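Below is one structure; the comments refer to it alone.
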Amino acid sequence: MKRAIELNINGDTHELLVAPNHTLLEVLREKLGLMGTKRGCDLGACGACTVLIDGEAYLSCLMLAVDAMGKEIITIEGLAAGGDLHPLQNAFIAQGALQCGFCTPGMILTAEAILNEDEDPTEDEIKKKMAGNLCRCTGYKKIVEAIMAVNEAG
Amino acid sequence: MRLPKFDYFEPKDINEAVSILQNEPAARILAGGTDLLVNMKHRVECPPVVVNIKRLADLNYIRQDNGDIRIGALTPLKEIYMTAPVKDNLPGLAQAASAVGSYHHQVMGTLGGNICQQNRCKFFNQSQWWRRSRPTCFKAGGEICHVVNKKEICYSTYCGDLAPALLTLNAAIRVAGNGGEREISLKELFTGNGIAPLNLDGAEILTEIVIPRVSTKGFLIYMKFANRASIDFPIVGTAFWASTDQNKYRVAFTAVDRKPLRALNIEACLQDKELNDENITEACDLAAKEAKPVKTSVYSASYKRKMMGLLLRSAAEKTQSRLSRK
């Protein structure tokens with residue numbers, strides 16, 4: 001049976017009618033049209049569907065939408081405040097850290113969670129925590145460099 | 001991949017959760033979701049009812065109580081390796097928690113969920129489409145185990161990272177059920193039956209993990225070999241615990257049998273001895289005989305047996321070097 005829920009996404013409250021077996025990923029993409037959150041493996045192994053929930057990196061393909069009620073959800077669409085790109089977005093562009101762009105939203109949101117949690121992570125810590133986000137184009141070097149650049153800029 | 005349909009409950013306290021589970025014997029408990037929801041997407045588990053216990057109050061904590069370390073079952077794995085009582089006193093347990101899956105799994109996954117994860121097998125953890133090419137395996141509801149080609153037996157492998165570490169710490173668990181709470185050793189939780197790996201009745205919920213004070217005084221190391229170190233389940237994992245002063249040792253393996261195993265012959269071989277090259281070699285020679293792995297992953301049983309000895313040697317040598325520095 002469908003349930004009426006309220007989700008706080010990118011600062012807006014959405015009233016939705018969802019079935020318990022709908023994942024947060026499905027609701028973001030199919031009910032709200034927030035296509036920035038990507039469906040990759042859909043099994044929690046690639047990181048493409050990463051969103052921020054209360055500031056932490058969550059796999060939206062493995063989270064029930066009904067379970068996300070009462071939490072603050074940020075997707076890639078909500079990261080650029082007031083139309084200005086987030087420093088991580090600028091750094092990815094400046095460093096050439098994307099090619100096809102499919103993994104980029106997940107990469108940037110995971111990086112944001114890492115930098116939120118640790119004020120000055122080492123390169124090795126960044127690499128270890130980013131390892132759950134797969135990219136088939138860039139080879140990761142430039143992605144790590146972009147995150148390090150934001151970290152160093154404070 | 002859509003999830004199958006199910007009825008959904010979100011109990012507010014443990015009594016309500018137990019009562020729902022009592023009325024719904026086929027229900028499954030949802031905590032972090034990183035194991036159950038994947039299996040549901042693969043249609044190897046299709047519970048009619050899912051009970052989300054994440055909103056239960058007071059099951060997310062790490063505290064010290066008379067020297068014992070008590071960890072709530074809903075504590076995220078990330079908290080285990082980032083919070084002082086474990087990070088400072090049991091770096092080996094922190095290491096095991098940080099070895100689970102990827103960073104996201106550590107954020108979402110819980111200690112209780114990691115311990116209670118389903119057994120794994122290359123014929124079970126596959127999509128419905130992949131599995132359609134052969135008869136359904138016994139664990140997924142069919143008749144045959146494709147690993148050993150026998151009927152009505154399941155050789156799926158337990159692949160948790162935390163359980164071997166906790167076994168060497170002699171951890172106990174608290175379980176809430178219809179008759180109140182009970183405490184059992186972690187070892188008793190595992191049945192060794194691939195179909196029903198946990199010794200819990202349908203209405204019981206793991207609530208707490210208790211690590212005794214004496215175990216916190218030792219040195220623990222967890223080592224794991226996985227296909228991709230960044231995300232995969234262990235192909236073989238070993239935990240090695242040594243007391244800091246009395247030459248006492250405990251060893252456990254994961255991913256080599258239907259349950260996590262204490263390596264009792266290795267422990268007996270090392271007991272009351274200094275760790276030196278000769279003793280370590282003698283112990284490592286026993287490793288291959290401590291379990292009878294079968295080919296539930298892409299790695300052969302003989303490869304796993306060799307890897308058990310290699311990981312044990314590596315863990316023992318690191319412990320030797322650590323103890324010599326104290």
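Residue names in the structure tokens use chain letters A, B, ... in the order shown, residue numbers from 1 in each chain, and ligand numbers from 1 in the order shown.
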Check: Could you list, as a list in words, every residue of chain A that has an atom within 6 Å of an atom of chain B, counting only C-alpha atoms?
Finding: Asn21, Leu43, Ala57, Tyr58, Lys129, Ala131 and Gly132 of chain A
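Using only C-alpha atoms, the shortest contact distance between Glu317 (chain B) and any of B:Thr207, B:Ser133, B:Asn125, B:Asn276 is found at B:Asn276.
Take the candidates A:Pro20, A:Gly40, A:Gly154, A:Gly55 and check each one against Pro87 (chain A) using only C-alpha atoms; the shortest distance goes to A:Gly154.
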Notebook entry, point to check: For the atom pair CA of Val18 (chain A) and CA of Lys38 (chain A), what is the interatomic distance in Å to one decimal place?
Noted result: 19.6 Å
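Shell of Tyr140 (chain A) at 12 Å, with only C-alpha atoms counted and residues fewer than 5 places along the chain excluded, is Phe92, Gln95, Gly96, Ala97, Leu98, Gln99, Cys103, Thr104, Met107, Ile126, Lys127, Lys128, Met130, Ala131, Gly132, Asn133, Leu134, Cys135, Glu145, Ala146 and Ile147 of chain A.
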Writing out the chosen residues with N, CA and C atoms as a short mmCIF file (atom, residue, chain, number, x, y, z; two decimals), in the first residue's frame:
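again-v3.cif was written with the following content:
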```cif
data_model
loop_
_atom_site.label_atom_id
_atom_site.label_comp_id
_atom_site.auth_asym_id
_atom_site.auth_seq_id
_atom_site.Cartn_x
_atom_site.Cartn_y
_atom_site.Cartn_z
N PHE A 92 36.50 20.16 -10.38
CA PHE A 92 36.39 19.06 -11.35
C PHE A 92 36.54 19.60 -12.78
N GLN A 95 40.30 20.83 -13.26
CA GLN A 95 41.29 19.75 -13.33
C GLN A 95 40.99 18.76 -14.46
N GLY A 96 39.89 18.93 -15.14
CA GLY A 96 39.52 17.97 -16.18
C GLY A 96 39.18 16.61 -15.60
N ALA A 97 38.46 16.63 -14.47
CA ALA A 97 38.22 15.38 -13.74
C ALA A 97 36.96 14.65 -14.21
N LEU A 98 36.50 14.96 -15.39
CA LEU A 98 35.34 14.22 -15.91
C LEU A 98 35.44 14.12 -17.43
N GLN A 99 34.90 13.02 -17.92
CA GLN A 99 34.79 12.91 -19.38
C GLN A 99 33.32 12.71 -19.74
N CYS A 103 29.59 9.40 -13.74
CA CYS A 103 29.92 9.14 -12.33
C CYS A 103 30.07 10.43 -11.54
N THR A 104 30.13 11.57 -12.23
CA THR A 104 30.54 12.83 -11.59
C THR A 104 29.64 13.26 -10.42
N MET A 107 30.61 11.14 -7.52
CA MET A 107 31.98 11.48 -7.10
C MET A 107 31.97 12.77 -6.27
N ILE A 126 41.52 10.02 1.13
CA ILE A 126 40.56 10.37 0.06
C ILE A 126 40.42 9.20 -0.91
N LYS A 127 41.55 8.62 -1.29
CA LYS A 127 41.50 7.51 -2.25
C LYS A 127 40.71 6.34 -1.67
N LYS A 128 40.95 6.03 -0.40
CA LYS A 128 40.27 4.88 0.22
C LYS A 128 38.75 5.12 0.26
N MET A 130 36.99 7.23 -1.58
CA MET A 130 36.40 7.40 -2.91
C MET A 130 36.33 6.08 -3.69
N ALA A 131 36.92 5.03 -3.11
CA ALA A 131 37.09 3.78 -3.87
C ALA A 131 35.75 3.13 -4.25
N GLY A 132 34.69 3.49 -3.56
CA GLY A 132 33.39 2.91 -3.89
C GLY A 132 32.69 3.62 -5.05
N ASN A 133 33.31 4.66 -5.58
CA ASN A 133 32.75 5.36 -6.74
C ASN A 133 33.56 4.98 -7.97
N LEU A 134 32.92 4.31 -8.89
CA LEU A 134 33.64 3.84 -10.07
C LEU A 134 33.55 4.84 -11.21
N CYS A 135 34.67 5.00 -11.92
CA CYS A 135 34.71 5.83 -13.12
C CYS A 135 35.39 5.01 -14.21
N GLU A 145 42.99 14.60 -7.68
CA GLU A 145 43.66 15.92 -7.70
C GLU A 145 42.65 17.05 -7.49
N ALA A 146 41.48 16.91 -8.07
CA ALA A 146 40.45 17.95 -7.90
C ALA A 146 40.02 18.05 -6.44
N ILE A 147 39.82 16.90 -5.82
CA ILE A 147 39.39 16.91 -4.41
C ILE A 147 40.51 17.48 -3.53
#
```
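Atom to atom, CA of Lys306 (chain B) and CA of Gln271 (chain B) stand 22.6 Å apart.
As for CA of Gly142 (chain B) and CA of Pro293 (chain B), they are spaced 22.3 Å apart.
Nearest to Ala45 (chain A) of all the residues A:Val144, A:Leu62, A:Leu85, A:Ile9 is A:Leu62, counting only C-alpha atoms.
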Notebook entry, point to check: Which polymer residues have any atom within 9 Å of an atom of Gly11 (chain A), counting only C-alpha atoms, with same-chain residues fewer than 5 positions away left out, as an NGL selection string?
Noted result: :A and (72-74 or 78)
Would you mind exporting the chosen residues as a PDB file, in the first residue's frame, restricted to C-alpha atoms?
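Saved file again-v7.pdb follows:
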```pdb
ATOM      1  CA  GLU A  72      17.865  16.379   4.817  1.00  0.00           C
ATOM      2  CA  ILE A  73      18.612  15.091   1.326  1.00  0.00           C
ATOM      3  CA  ILE A  74      21.004  16.867  -1.016  1.00  0.00           C
ATOM      4  CA  GLY A  78      21.128  21.211  -4.796  1.00  0.00           C
TER       5      GLY A  78
END
```
Next item on the list: Report as JSON, numbers by chain: the residues of region 24-243 of chain B with a DSSP assignment of alpha helix (DSSP H), based on the backbone of this structure.
Entry: {"B": [36, 37, 38, 39, 40, 41, 77, 78, 79, 80, 81, 82, 84, 85, 86, 87, 88, 89, 91, 92, 93, 94, 95, 96, 97, 98, 103, 104, 105, 106, 107, 108, 111, 112, 113, 114, 115, 128, 129, 130, 131, 162, 163, 164, 165, 166, 167, 168, 186, 187, 188, 189, 213, 214, 215, 216]}
Item checked: All residues 9 Å or closer to region 169-172 of chain B, only C-alpha atoms, same chain fewer than 5 positions away omitted, as a ChimeraX atom specification -> /B:164,183-187,208-212,214-216,218,220,241,250
Go ahead and dump the residues you just picked, N, CA and C atoms, as a PDB file, in the first residue's frame.
```pdb
ATOM      1  N   PRO B 164      34.834 -12.511  12.564  1.00  0.00           N
ATOM      2  CA  PRO B 164      36.071 -13.167  13.012  1.00  0.00           C
ATOM      3  C   PRO B 164      36.822 -12.331  14.043  1.00  0.00           C
ATOM      4  N   GLU B 183      21.651 -13.197  26.796  1.00  0.00           N
ATOM      5  CA  GLU B 183      23.021 -12.955  26.344  1.00  0.00           C
ATOM      6  C   GLU B 183      23.658 -14.291  25.994  1.00  0.00           C
ATOM      7  N   ILE B 184      24.248 -14.365  24.818  1.00  0.00           N
ATOM      8  CA  ILE B 184      24.944 -15.582  24.413  1.00  0.00           C
ATOM      9  C   ILE B 184      26.304 -15.197  23.844  1.00  0.00           C
ATOM     10  N   SER B 185      27.181 -16.179  23.758  1.00  0.00           N
ATOM     11  CA  SER B 185      28.472 -15.871  23.131  1.00  0.00           C
ATOM     12  C   SER B 185      28.224 -15.705  21.632  1.00  0.00           C
ATOM     13  N   LEU B 186      29.062 -14.902  21.005  1.00  0.00           N
ATOM     14  CA  LEU B 186      28.892 -14.680  19.560  1.00  0.00           C
ATOM     15  C   LEU B 186      29.011 -15.999  18.804  1.00  0.00           C
ATOM     16  N   LYS B 187      29.880 -16.869  19.299  1.00  0.00           N
ATOM     17  CA  LYS B 187      30.106 -18.164  18.642  1.00  0.00           C
ATOM     18  C   LYS B 187      28.795 -18.937  18.507  1.00  0.00           C
ATOM     19  N   GLU B 208      22.851  -5.844  21.051  1.00  0.00           N
ATOM     20  CA  GLU B 208      24.107  -5.298  21.576  1.00  0.00           C
ATOM     21  C   GLU B 208      25.239  -6.305  21.431  1.00  0.00           C
ATOM     22  N   ILE B 209      26.445  -5.776  21.251  1.00  0.00           N
ATOM     23  CA  ILE B 209      27.648  -6.612  21.196  1.00  0.00           C
ATOM     24  C   ILE B 209      28.507  -6.189  22.386  1.00  0.00           C
ATOM     25  N   VAL B 210      28.955  -7.174  23.157  1.00  0.00           N
ATOM     26  CA  VAL B 210      29.727  -6.873  24.369  1.00  0.00           C
ATOM     27  C   VAL B 210      31.123  -7.463  24.225  1.00  0.00           C
ATOM     28  N   ILE B 211      32.117  -6.592  24.332  1.00  0.00           N
ATOM     29  CA  ILE B 211      33.509  -7.056  24.246  1.00  0.00           C
ATOM     30  C   ILE B 211      34.101  -7.004  25.656  1.00  0.00           C
ATOM     31  N   PRO B 212      34.480  -8.157  26.194  1.00  0.00           N
ATOM     32  CA  PRO B 212      34.937  -8.167  27.588  1.00  0.00           C
ATOM     33  C   PRO B 212      36.247  -7.399  27.776  1.00  0.00           C
ATOM     34  N   VAL B 214      38.947  -8.009  29.420  1.00  0.00           N
ATOM     35  CA  VAL B 214      40.234  -8.709  29.270  1.00  0.00           C
ATOM     36  C   VAL B 214      40.676  -8.756  27.807  1.00  0.00           C
ATOM     37  N   SER B 215      39.703  -8.831  26.912  1.00  0.00           N
ATOM     38  CA  SER B 215      40.083  -8.894  25.497  1.00  0.00           C
ATOM     39  C   SER B 215      40.604  -7.559  24.983  1.00  0.00           C
ATOM     40  N   THR B 216      40.153  -6.475  25.606  1.00  0.00           N
ATOM     41  CA  THR B 216      40.612  -5.158  25.143  1.00  0.00           C
ATOM     42  C   THR B 216      42.073  -4.929  25.492  1.00  0.00           C
ATOM     43  N   GLY B 218      44.458  -6.982  24.816  1.00  0.00           N
ATOM     44  CA  GLY B 218      45.349  -7.646  23.864  1.00  0.00           C
ATOM     45  C   GLY B 218      45.540  -6.835  22.593  1.00  0.00           C
ATOM     46  N   LEU B 220      44.911  -6.946  18.515  1.00  0.00           N
ATOM     47  CA  LEU B 220      44.124  -7.635  17.486  1.00  0.00           C
ATOM     48  C   LEU B 220      44.504  -7.095  16.107  1.00  0.00           C
ATOM     49  N   TRP B 241      44.436 -12.473  17.470  1.00  0.00           N
ATOM     50  CA  TRP B 241      44.480 -11.727  18.736  1.00  0.00           C
ATOM     51  C   TRP B 241      45.577 -12.313  19.617  1.00  0.00           C
ATOM     52  N   ARG B 250      44.377 -16.045  19.997  1.00  0.00           N
ATOM     53  CA  ARG B 250      43.122 -16.537  19.417  1.00  0.00           C
ATOM     54  C   ARG B 250      43.140 -16.197  17.918  1.00  0.00           C
TER      55      ARG B 250
END
```
Notebook entry, point to check: What's the 8 Å shell around Gly113 (chain B), counting only C-alpha atoms, without same-chain residues fewer than 2 positions away, as number ranges by chain?
Noted result: B: 31-32, 73-74, 109-111, 115-117
Only N, CA and C atoms, please: the residues just picked out, written as a compact mmCIF listing (two decimals), in the first residue's frame.
```txt
# COMPACT_ATOMS: atom_id res chain seq x y z
N ALA B 31 18.07 -3.07 8.43
CA ALA B 31 18.84 -2.07 9.19
C ALA B 31 19.54 -1.18 8.17
N GLY B 32 20.81 -1.43 7.88
CA GLY B 32 21.50 -0.61 6.87
C GLY B 32 20.98 -0.85 5.46
N ALA B 73 23.63 -2.51 18.36
CA ALA B 73 23.59 -3.22 17.07
C ALA B 73 23.38 -2.28 15.89
N LEU B 74 22.78 -1.12 16.12
CA LEU B 74 22.52 -0.20 15.01
C LEU B 74 23.64 0.83 14.81
N GLY B 109 25.85 0.77 6.61
CA GLY B 109 25.78 -0.54 7.26
C GLY B 109 25.96 -0.44 8.76
N THR B 110 25.35 -1.37 9.47
CA THR B 110 25.43 -1.37 10.94
C THR B 110 26.22 -2.59 11.41
N LEU B 111 26.69 -2.51 12.65
CA LEU B 111 27.46 -3.65 13.19
C LEU B 111 26.56 -4.89 13.27
N ILE B 115 27.11 -8.47 11.20
CA ILE B 115 27.24 -9.79 11.83
C ILE B 115 26.17 -10.74 11.28
N CYS B 116 24.94 -10.21 11.11
CA CYS B 116 23.81 -11.06 10.73
C CYS B 116 23.63 -11.16 9.21
N GLN B 117 24.64 -10.83 8.44
CA GLN B 117 24.48 -10.85 6.98
C GLN B 117 24.25 -12.27 6.47
```
Next item on the list: Excluding Ser302 (chain B) and any residue of its chain fewer than 3 positions from it, enumerate the residues within 12 Å of it, using only C-alpha atoms, and give them as a VMD selection string.
Entry: chain B and resid 236 256 287 to 289 291 to 295 298 to 299 305 to 309
Next item on the list: Just list the residues in region 224-272 of chain B DSSP gives strand (DSSP E or B) on the backbone, as JSON, numbers by chain.
Entry: {"B": [224, 225, 226, 234, 235, 236, 237, 238, 239, 240, 241, 242, 249, 250, 251, 252, 253, 254, 261, 262]}
Next item on the list: Go through A:Glu152, A:Asp54, A:Glu15, A:Glu30 and flag the residue nearest Glu117 (chain A), using only C-alpha atoms for the distances.
Entry: A:Asp54
